[in-house]
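Quick look at start-v6.cif (mmCIF, N, CA and C atoms):
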```
data_start
loop_
_atom_site.label_atom_id
_atom_site.label_comp_id
_atom_site.auth_asym_id
_atom_site.auth_seq_id
_atom_site.Cartn_x
_atom_site.Cartn_y
_atom_site.Cartn_z
N ILE A 13 0.86 -1.18 0.00
CA ILE A 13 0.00 0.00 0.00
C ILE A 13 0.90 1.24 0.00
N ASN A 14 0.62 2.11 -0.93
CA ASN A 14 1.39 3.34 -1.07
C ASN A 14 0.69 4.47 -0.32
N LYS A 15 1.38 5.12 0.62
CA LYS A 15 0.80 6.24 1.36
C LYS A 15 1.56 7.51 1.03
N ARG A 16 0.81 8.54 0.65
CA ARG A 16 1.36 9.87 0.43
C ARG A 16 0.36 10.87 0.97
N THR A 17 0.83 12.05 1.32
CA THR A 17 -0.07 13.08 1.81
C THR A 17 -0.43 14.01 0.67
N ARG A 18 -1.71 14.32 0.54
CA ARG A 18 -2.21 15.21 -0.51
C ARG A 18 -3.29 16.07 0.10
N VAL A 19 -3.15 17.36 0.05
CA VAL A 19 -4.11 18.31 0.60
C VAL A 19 -4.48 17.92 2.03
N ASP A 20 -3.47 17.67 2.84
CA ASP A 20 -3.64 17.35 4.26
C ASP A 20 -4.45 16.09 4.52
N THR A 21 -4.55 15.20 3.55
CA THR A 21 -5.29 13.95 3.72
C THR A 21 -4.38 12.80 3.30
N THR A 22 -4.36 11.73 4.05
CA THR A 22 -3.59 10.55 3.68
C THR A 22 -4.56 9.48 3.19
N PHE A 23 -4.37 9.03 1.95
CA PHE A 23 -5.19 7.97 1.38
C PHE A 23 -4.41 6.67 1.42
N ARG A 24 -5.09 5.59 1.40
CA ARG A 24 -4.43 4.29 1.46
C ARG A 24 -3.75 3.95 0.15
N SER A 25 -4.36 4.32 -0.98
CA SER A 25 -3.81 3.99 -2.29
C SER A 25 -3.93 5.18 -3.23
N TYR A 26 -2.92 5.32 -4.07
CA TYR A 26 -2.95 6.31 -5.14
C TYR A 26 -2.81 5.58 -6.46
N LEU A 27 -3.59 5.98 -7.43
CA LEU A 27 -3.45 5.43 -8.77
C LEU A 27 -2.34 6.21 -9.47
N PRO A 28 -1.68 5.62 -10.46
CA PRO A 28 -0.54 6.27 -11.11
C PRO A 28 -0.91 7.62 -11.73
N MET A 29 0.02 8.55 -11.68
CA MET A 29 -0.17 9.85 -12.33
C MET A 29 -0.32 9.62 -13.84
N GLY A 30 -1.15 10.44 -14.47
CA GLY A 30 -1.35 10.32 -15.91
C GLY A 30 -2.41 9.31 -16.31
N VAL A 31 -2.95 8.59 -15.34
CA VAL A 31 -4.01 7.62 -15.61
C VAL A 31 -5.36 8.29 -15.36
N ARG A 32 -6.30 8.10 -16.28
CA ARG A 32 -7.63 8.66 -16.08
C ARG A 32 -8.24 8.00 -14.85
N THR A 33 -8.65 8.83 -13.90
CA THR A 33 -9.03 8.37 -12.57
C THR A 33 -10.41 8.87 -12.19
N TYR A 34 -11.17 8.03 -11.51
CA TYR A 34 -12.41 8.44 -10.85
C TYR A 34 -12.08 8.61 -9.38
N SER A 35 -12.45 9.78 -8.81
CA SER A 35 -12.16 10.08 -7.41
C SER A 35 -13.44 10.43 -6.67
N CYS A 36 -13.39 10.33 -5.35
CA CYS A 36 -14.52 10.70 -4.50
C CYS A 36 -14.75 12.21 -4.65
N ILE A 37 -15.95 12.60 -4.98
CA ILE A 37 -16.26 14.01 -5.17
C ILE A 37 -16.19 14.79 -3.86
N HIS A 38 -16.31 14.10 -2.74
CA HIS A 38 -16.34 14.75 -1.44
C HIS A 38 -14.95 15.02 -0.85
N CYS A 39 -13.98 14.11 -1.09
CA CYS A 39 -12.65 14.27 -0.49
C CYS A 39 -11.50 14.07 -1.47
N ARG A 40 -11.82 13.70 -2.70
CA ARG A 40 -10.85 13.49 -3.79
C ARG A 40 -9.97 12.24 -3.62
N ALA A 41 -10.33 11.32 -2.77
CA ALA A 41 -9.61 10.05 -2.70
C ALA A 41 -9.81 9.30 -4.01
N HIS A 42 -8.75 8.72 -4.54
CA HIS A 42 -8.88 7.92 -5.76
C HIS A 42 -9.79 6.72 -5.49
N LEU A 43 -10.64 6.41 -6.46
CA LEU A 43 -11.56 5.28 -6.33
C LEU A 43 -11.30 4.20 -7.38
N ALA A 44 -11.06 4.62 -8.63
CA ALA A 44 -10.91 3.61 -9.70
C ALA A 44 -10.15 4.20 -10.88
N ASP A 45 -9.43 3.35 -11.54
CA ASP A 45 -8.76 3.62 -12.80
C ASP A 45 -9.79 3.43 -13.92
N HIS A 46 -9.77 4.29 -14.92
CA HIS A 46 -10.73 4.19 -16.02
C HIS A 46 -10.69 2.81 -16.70
N HIS A 47 -9.55 2.15 -16.69
CA HIS A 47 -9.43 0.83 -17.31
C HIS A 47 -10.21 -0.24 -16.55
N GLN A 48 -10.63 0.05 -15.32
CA GLN A 48 -11.42 -0.90 -14.54
C GLN A 48 -12.93 -0.74 -14.76
N LEU A 49 -13.31 0.27 -15.56
CA LEU A 49 -14.73 0.51 -15.86
C LEU A 49 -15.27 -0.58 -16.79
N ILE A 50 -16.37 -1.20 -16.37
CA ILE A 50 -17.00 -2.24 -17.18
C ILE A 50 -18.20 -1.67 -17.94
N SER A 51 -19.03 -0.87 -17.24
CA SER A 51 -20.25 -0.36 -17.86
C SER A 51 -20.69 0.95 -17.21
N LYS A 52 -21.26 1.83 -18.05
CA LYS A 52 -21.82 3.09 -17.57
C LYS A 52 -23.34 3.03 -17.51
N SER A 53 -23.92 1.90 -17.81
CA SER A 53 -25.38 1.81 -17.93
C SER A 53 -26.04 1.11 -16.74
N PHE A 54 -25.69 1.57 -15.55
CA PHE A 54 -26.29 1.03 -14.33
C PHE A 54 -27.06 2.12 -13.61
N GLN A 55 -27.96 1.71 -12.75
CA GLN A 55 -28.78 2.63 -11.98
C GLN A 55 -28.52 2.40 -10.50
N GLY A 56 -28.17 3.48 -9.80
CA GLY A 56 -27.98 3.42 -8.36
C GLY A 56 -29.21 3.97 -7.66
N SER A 57 -29.16 4.07 -6.36
CA SER A 57 -30.31 4.60 -5.61
C SER A 57 -30.49 6.09 -5.83
N GLN A 58 -29.42 6.79 -6.27
CA GLN A 58 -29.49 8.23 -6.49
C GLN A 58 -29.27 8.61 -7.95
N GLY A 59 -29.51 7.70 -8.87
CA GLY A 59 -29.34 8.01 -10.29
C GLY A 59 -28.32 7.10 -10.95
N ARG A 60 -27.70 7.62 -12.01
CA ARG A 60 -26.76 6.83 -12.80
C ARG A 60 -25.61 6.31 -11.96
N ALA A 61 -25.11 5.13 -12.37
CA ALA A 61 -24.00 4.50 -11.67
C ALA A 61 -23.15 3.73 -12.67
N TYR A 62 -21.89 3.52 -12.30
CA TYR A 62 -20.95 2.79 -13.15
C TYR A 62 -20.56 1.49 -12.45
N LEU A 63 -20.32 0.46 -13.27
CA LEU A 63 -19.87 -0.84 -12.78
C LEU A 63 -18.36 -0.93 -13.01
N PHE A 64 -17.61 -1.23 -11.93
CA PHE A 64 -16.16 -1.35 -12.00
C PHE A 64 -15.73 -2.76 -11.63
N ASN A 65 -14.63 -3.20 -12.24
CA ASN A 65 -14.04 -4.49 -11.93
C ASN A 65 -13.33 -4.45 -10.58
N SER A 66 -12.62 -3.35 -10.30
CA SER A 66 -11.94 -3.21 -9.01
C SER A 66 -11.88 -1.73 -8.62
N VAL A 67 -11.74 -1.48 -7.32
CA VAL A 67 -11.70 -0.13 -6.77
C VAL A 67 -10.63 -0.06 -5.69
N VAL A 68 -10.26 1.17 -5.28
CA VAL A 68 -9.30 1.38 -4.20
C VAL A 68 -9.90 2.37 -3.20
N ASN A 69 -9.33 2.41 -2.02
CA ASN A 69 -9.76 3.35 -0.97
C ASN A 69 -11.24 3.21 -0.61
N VAL A 70 -11.73 2.00 -0.68
CA VAL A 70 -13.15 1.72 -0.44
C VAL A 70 -13.29 0.65 0.63
N GLY A 71 -14.18 0.90 1.59
CA GLY A 71 -14.51 -0.09 2.61
C GLY A 71 -15.83 -0.76 2.25
N CYS A 72 -16.08 -1.88 2.86
CA CYS A 72 -17.25 -2.69 2.51
C CYS A 72 -18.02 -3.07 3.78
N GLY A 73 -19.32 -2.83 3.77
CA GLY A 73 -20.17 -3.21 4.88
C GLY A 73 -20.60 -4.67 4.77
N PRO A 74 -21.51 -5.10 5.63
CA PRO A 74 -22.00 -6.48 5.58
C PRO A 74 -22.92 -6.70 4.38
N ALA A 75 -22.89 -7.91 3.85
CA ALA A 75 -23.75 -8.26 2.71
C ALA A 75 -25.18 -8.47 3.18
N GLU A 76 -26.11 -8.09 2.31
CA GLU A 76 -27.53 -8.34 2.57
C GLU A 76 -28.23 -8.57 1.24
N GLU A 77 -29.31 -9.31 1.29
CA GLU A 77 -30.07 -9.58 0.07
C GLU A 77 -30.96 -8.40 -0.26
N ARG A 78 -30.93 -7.98 -1.54
CA ARG A 78 -31.79 -6.89 -2.02
C ARG A 78 -32.36 -7.26 -3.37
N VAL A 79 -33.58 -6.84 -3.60
CA VAL A 79 -34.17 -6.99 -4.93
C VAL A 79 -33.85 -5.71 -5.69
N LEU A 80 -33.02 -5.85 -6.73
CA LEU A 80 -32.63 -4.73 -7.58
C LEU A 80 -33.37 -4.83 -8.90
N LEU A 81 -33.14 -3.90 -9.81
CA LEU A 81 -33.83 -3.89 -11.10
C LEU A 81 -33.64 -5.19 -11.87
N THR A 82 -32.50 -5.86 -11.67
CA THR A 82 -32.20 -7.09 -12.40
C THR A 82 -32.42 -8.35 -11.58
N GLY A 83 -33.12 -8.24 -10.46
CA GLY A 83 -33.43 -9.42 -9.66
C GLY A 83 -32.79 -9.39 -8.29
N LEU A 84 -32.83 -10.54 -7.63
CA LEU A 84 -32.32 -10.69 -6.27
C LEU A 84 -30.80 -10.84 -6.27
N HIS A 85 -30.13 -10.05 -5.45
CA HIS A 85 -28.68 -10.09 -5.32
C HIS A 85 -28.32 -9.98 -3.84
N ALA A 86 -27.17 -10.53 -3.47
CA ALA A 86 -26.57 -10.25 -2.16
C ALA A 86 -25.54 -9.16 -2.42
N VAL A 87 -25.73 -8.00 -1.80
CA VAL A 87 -24.85 -6.85 -2.01
C VAL A 87 -24.38 -6.31 -0.66
N ALA A 88 -23.25 -5.62 -0.70
CA ALA A 88 -22.71 -4.96 0.49
C ALA A 88 -22.45 -3.50 0.13
N ASP A 89 -22.95 -2.59 0.93
CA ASP A 89 -22.69 -1.17 0.69
C ASP A 89 -21.19 -0.92 0.75
N ILE A 90 -20.71 -0.03 -0.12
CA ILE A 90 -19.31 0.37 -0.09
C ILE A 90 -19.24 1.86 0.25
N TYR A 91 -18.14 2.24 0.89
CA TYR A 91 -17.99 3.62 1.32
C TYR A 91 -16.55 4.06 1.13
N CYS A 92 -16.35 5.36 1.00
CA CYS A 92 -15.01 5.93 0.87
C CYS A 92 -14.29 5.76 2.20
N GLU A 93 -13.11 5.18 2.17
CA GLU A 93 -12.32 4.97 3.39
C GLU A 93 -11.88 6.30 4.01
N SER A 94 -11.78 7.34 3.20
CA SER A 94 -11.31 8.62 3.70
C SER A 94 -12.41 9.43 4.38
N CYS A 95 -13.54 9.66 3.68
CA CYS A 95 -14.59 10.52 4.24
C CYS A 95 -15.83 9.75 4.70
N LYS A 96 -15.84 8.43 4.49
CA LYS A 96 -16.91 7.53 4.95
C LYS A 96 -18.25 7.70 4.23
N THR A 97 -18.26 8.43 3.11
CA THR A 97 -19.49 8.58 2.32
C THR A 97 -19.85 7.27 1.64
N THR A 98 -21.10 6.86 1.72
CA THR A 98 -21.56 5.67 1.00
C THR A 98 -21.54 5.99 -0.49
N LEU A 99 -20.88 5.14 -1.27
CA LEU A 99 -20.67 5.38 -2.69
C LEU A 99 -21.55 4.52 -3.59
N GLY A 100 -21.91 3.33 -3.12
CA GLY A 100 -22.64 2.37 -3.94
C GLY A 100 -22.64 1.02 -3.25
N TRP A 101 -22.35 -0.03 -4.00
CA TRP A 101 -22.34 -1.37 -3.40
C TRP A 101 -21.45 -2.32 -4.17
N LYS A 102 -21.14 -3.43 -3.53
CA LYS A 102 -20.41 -4.54 -4.15
C LYS A 102 -21.37 -5.70 -4.32
N TYR A 103 -21.35 -6.30 -5.49
CA TYR A 103 -22.15 -7.50 -5.74
C TYR A 103 -21.42 -8.71 -5.16
N GLU A 104 -21.96 -9.27 -4.11
CA GLU A 104 -21.36 -10.46 -3.50
C GLU A 104 -21.88 -11.74 -4.14
N HIS A 105 -23.17 -11.77 -4.47
CA HIS A 105 -23.76 -12.98 -5.06
C HIS A 105 -24.97 -12.60 -5.91
N ALA A 106 -25.05 -13.21 -7.08
CA ALA A 106 -26.22 -13.04 -7.94
C ALA A 106 -26.97 -14.36 -7.96
N PHE A 107 -28.27 -14.30 -7.76
CA PHE A 107 -29.07 -15.52 -7.69
C PHE A 107 -29.52 -16.01 -9.06
N GLU A 108 -29.50 -15.13 -10.06
CA GLU A 108 -29.88 -15.51 -11.41
C GLU A 108 -28.63 -15.74 -12.25
N THR A 109 -28.62 -16.79 -13.04
CA THR A 109 -27.46 -17.17 -13.85
C THR A 109 -27.00 -16.03 -14.76
N SER A 110 -27.94 -15.32 -15.35
CA SER A 110 -27.60 -14.25 -16.29
C SER A 110 -26.91 -13.07 -15.61
N GLN A 111 -26.94 -13.00 -14.28
CA GLN A 111 -26.37 -11.89 -13.54
C GLN A 111 -25.05 -12.24 -12.84
N LYS A 112 -24.58 -13.47 -13.01
CA LYS A 112 -23.37 -13.94 -12.32
C LYS A 112 -22.13 -13.11 -12.65
N TYR A 113 -22.09 -12.48 -13.82
CA TYR A 113 -20.93 -11.69 -14.21
C TYR A 113 -20.69 -10.51 -13.26
N LYS A 114 -21.69 -10.12 -12.49
CA LYS A 114 -21.57 -8.99 -11.57
C LYS A 114 -20.88 -9.36 -10.26
N GLU A 115 -20.81 -10.62 -9.94
CA GLU A 115 -20.24 -11.04 -8.66
C GLU A 115 -18.81 -10.54 -8.50
N GLY A 116 -18.54 -9.93 -7.34
CA GLY A 116 -17.22 -9.39 -7.06
C GLY A 116 -16.95 -8.03 -7.68
N LYS A 117 -17.94 -7.48 -8.38
CA LYS A 117 -17.80 -6.17 -9.04
C LYS A 117 -18.44 -5.08 -8.17
N TYR A 118 -18.15 -3.82 -8.51
CA TYR A 118 -18.54 -2.68 -7.69
C TYR A 118 -19.37 -1.67 -8.48
N ILE A 119 -20.41 -1.18 -7.85
CA ILE A 119 -21.21 -0.08 -8.38
C ILE A 119 -20.85 1.18 -7.61
N ILE A 120 -20.49 2.25 -8.35
CA ILE A 120 -20.30 3.56 -7.73
C ILE A 120 -21.23 4.54 -8.43
N GLU A 121 -22.00 5.26 -7.65
CA GLU A 121 -22.95 6.22 -8.21
C GLU A 121 -22.20 7.45 -8.73
N VAL A 122 -22.61 7.91 -9.90
CA VAL A 122 -21.97 9.05 -10.57
C VAL A 122 -21.99 10.29 -9.67
N ALA A 123 -23.03 10.45 -8.87
CA ALA A 123 -23.16 11.61 -7.99
C ALA A 123 -22.02 11.71 -6.98
N HIS A 124 -21.29 10.62 -6.76
CA HIS A 124 -20.21 10.61 -5.76
C HIS A 124 -18.81 10.58 -6.37
N MET A 125 -18.73 10.73 -7.71
CA MET A 125 -17.43 10.64 -8.39
C MET A 125 -17.13 11.91 -9.17
N VAL A 126 -15.83 12.14 -9.34
CA VAL A 126 -15.34 13.21 -10.21
C VAL A 126 -14.19 12.60 -11.03
N LYS A 127 -14.09 13.02 -12.29
CA LYS A 127 -13.02 12.55 -13.16
C LYS A 127 -11.79 13.43 -12.93
N GLU A 128 -10.61 12.78 -12.82
CA GLU A 128 -9.35 13.51 -12.66
C GLU A 128 -8.29 12.91 -13.57
N ASN A 129 -7.29 13.73 -13.91
CA ASN A 129 -6.09 13.30 -14.66
C ASN A 129 -6.36 12.95 -16.12
N CYS A 130 -6.02 13.83 -17.01
CA CYS A 130 -5.90 13.55 -18.45
C CYS A 130 -7.18 13.11 -19.14
N TRP A 131 -8.31 13.75 -18.88
CA TRP A 131 -9.55 13.34 -19.53
C TRP A 131 -9.77 14.04 -20.87
N GLU A 132 -8.97 15.02 -21.20
CA GLU A 132 -9.20 15.77 -22.43
C GLU A 132 -8.51 15.15 -23.62
#
```

Show the structure stored in the file as structure tokens.
Amino acid sequence: INKRTRVDTTFRSYLPMGVRTYSCIHCRAHLADHHQLISKSFQGSQGRAYLFNSVVNVGCGPAEERVLLTGLHAVADIYCESCKTTLGWKYEHAFETSQKYKEGKYIIEVAHMVKENCWE
């Protein structure tokens, strides 16, 4: 784990400079590398959401069963390790065969992310 201080905040992980990055809109902790983005066509509880293969600086709550738009899933809320804002959820288990590809993946709501580093 790489630790550096940035704007008086220490994050657990930093993504490489020059990589298109999604960060927490509330504290600017790095959350995901653009290369980990699987899909932009998901719906969170507060609007649009993105599906990621992996994330950093994120904690995970206990799993619980929820009925989502695509059926029954076991999901765990995820939150920013730095500012503790709930960001979305992690798919722990999908009960329908067609949804198994989501297992172990992360949903982050667009309302909680900002794009940083080389997006132009």

Around (-20.9, 1.1, -2.9) in the file's own coordinates, what residues are found within 7 Å if you use all atoms listed in the file, given back as a PyMOL selection string?
chain A and resi 88-91+98-102+118-121

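Counting from atom C of Val122 in chain A, the distance to atom C of His38 in chain A is 12.2 Å.
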
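Closest approach to Gln55 in chain A among A:Leu43, A:Tyr103, A:Leu81, A:Gly71: A:Leu81, based on only C-alpha atoms.
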
Could you tell me which residues the PyMOL selection byres ((chain A and resi 105-113) around 7) returns for this structure, as an mmCIF file with N, CA and C atoms, keeping the file's coordinate frame?
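So the final result, stored in expr26.cif, reads:
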```
data_model
loop_
_atom_site.group_PDB
_atom_site.id
_atom_site.type_symbol
_atom_site.label_atom_id
_atom_site.label_comp_id
_atom_site.auth_asym_id
_atom_site.auth_seq_id
_atom_site.Cartn_x
_atom_site.Cartn_y
_atom_site.Cartn_z
ATOM 1 N N GLY A 83 -33.120 -8.240 -10.460
ATOM 2 C CA GLY A 83 -33.430 -9.420 -9.660
ATOM 3 C C GLY A 83 -32.790 -9.390 -8.290
ATOM 4 N N LEU A 84 -32.830 -10.540 -7.630
ATOM 5 C CA LEU A 84 -32.320 -10.690 -6.270
ATOM 6 C C LEU A 84 -30.800 -10.840 -6.270
ATOM 7 N N HIS A 85 -30.130 -10.050 -5.450
ATOM 8 C CA HIS A 85 -28.680 -10.090 -5.320
ATOM 9 C C HIS A 85 -28.320 -9.980 -3.840
ATOM 10 N N ALA A 86 -27.170 -10.530 -3.470
ATOM 11 C CA ALA A 86 -26.570 -10.250 -2.160
ATOM 12 C C ALA A 86 -25.540 -9.160 -2.420
ATOM 13 N N VAL A 87 -25.730 -8.000 -1.800
ATOM 14 C CA VAL A 87 -24.850 -6.850 -2.010
ATOM 15 C C VAL A 87 -24.380 -6.310 -0.660
ATOM 16 N N LYS A 102 -21.140 -3.430 -3.530
ATOM 17 C CA LYS A 102 -20.410 -4.540 -4.150
ATOM 18 C C LYS A 102 -21.370 -5.700 -4.320
ATOM 19 N N TYR A 103 -21.350 -6.300 -5.490
ATOM 20 C CA TYR A 103 -22.150 -7.500 -5.740
ATOM 21 C C TYR A 103 -21.420 -8.710 -5.160
ATOM 22 N N GLU A 104 -21.960 -9.270 -4.110
ATOM 23 C CA GLU A 104 -21.360 -10.460 -3.500
ATOM 24 C C GLU A 104 -21.880 -11.740 -4.140
ATOM 25 N N LYS A 114 -21.690 -10.120 -12.490
ATOM 26 C CA LYS A 114 -21.570 -8.990 -11.570
ATOM 27 C C LYS A 114 -20.880 -9.360 -10.260
ATOM 28 N N GLU A 115 -20.810 -10.620 -9.940
ATOM 29 C CA GLU A 115 -20.240 -11.040 -8.660
ATOM 30 C C GLU A 115 -18.810 -10.540 -8.500
ATOM 31 N N GLY A 116 -18.540 -9.930 -7.340
ATOM 32 C CA GLY A 116 -17.220 -9.390 -7.060
ATOM 33 C C GLY A 116 -16.950 -8.030 -7.680
ATOM 34 N N LYS A 117 -17.940 -7.480 -8.380
ATOM 35 C CA LYS A 117 -17.800 -6.170 -9.040
ATOM 36 C C LYS A 117 -18.440 -5.080 -8.170
#
```

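CA of Ser66 in chain A to CA of Gln48 in chain A spans 6.0 Å [interatomic distance, one decimal].
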
Could you write out as a ChimeraX atom specification the residues that the PyMOL selection byres ((chain A and resi 33) around 6) matches in the shown file?
/A:31-32,34-35,44-46,126-129

Which residues are near Ser53 in chain A? Cut-off 9 Å, only C-alpha atoms, ignore same chain within fewer than 2 positions. Put them as a PyMOL selection string.
chain A and resi 51+55+60-63

How would you write, as a ChimeraX atom specification, the residues chosen by the PyMOL selection byres (((chain A and resi 41 and name CA) around 7) and name CA) on this structure?
/A:23,35-36,39-40,42-43,69,94

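When CA of Ile50 in chain A is paired with atom C of Val67 in chain A, their separation reads 13.3 Å.
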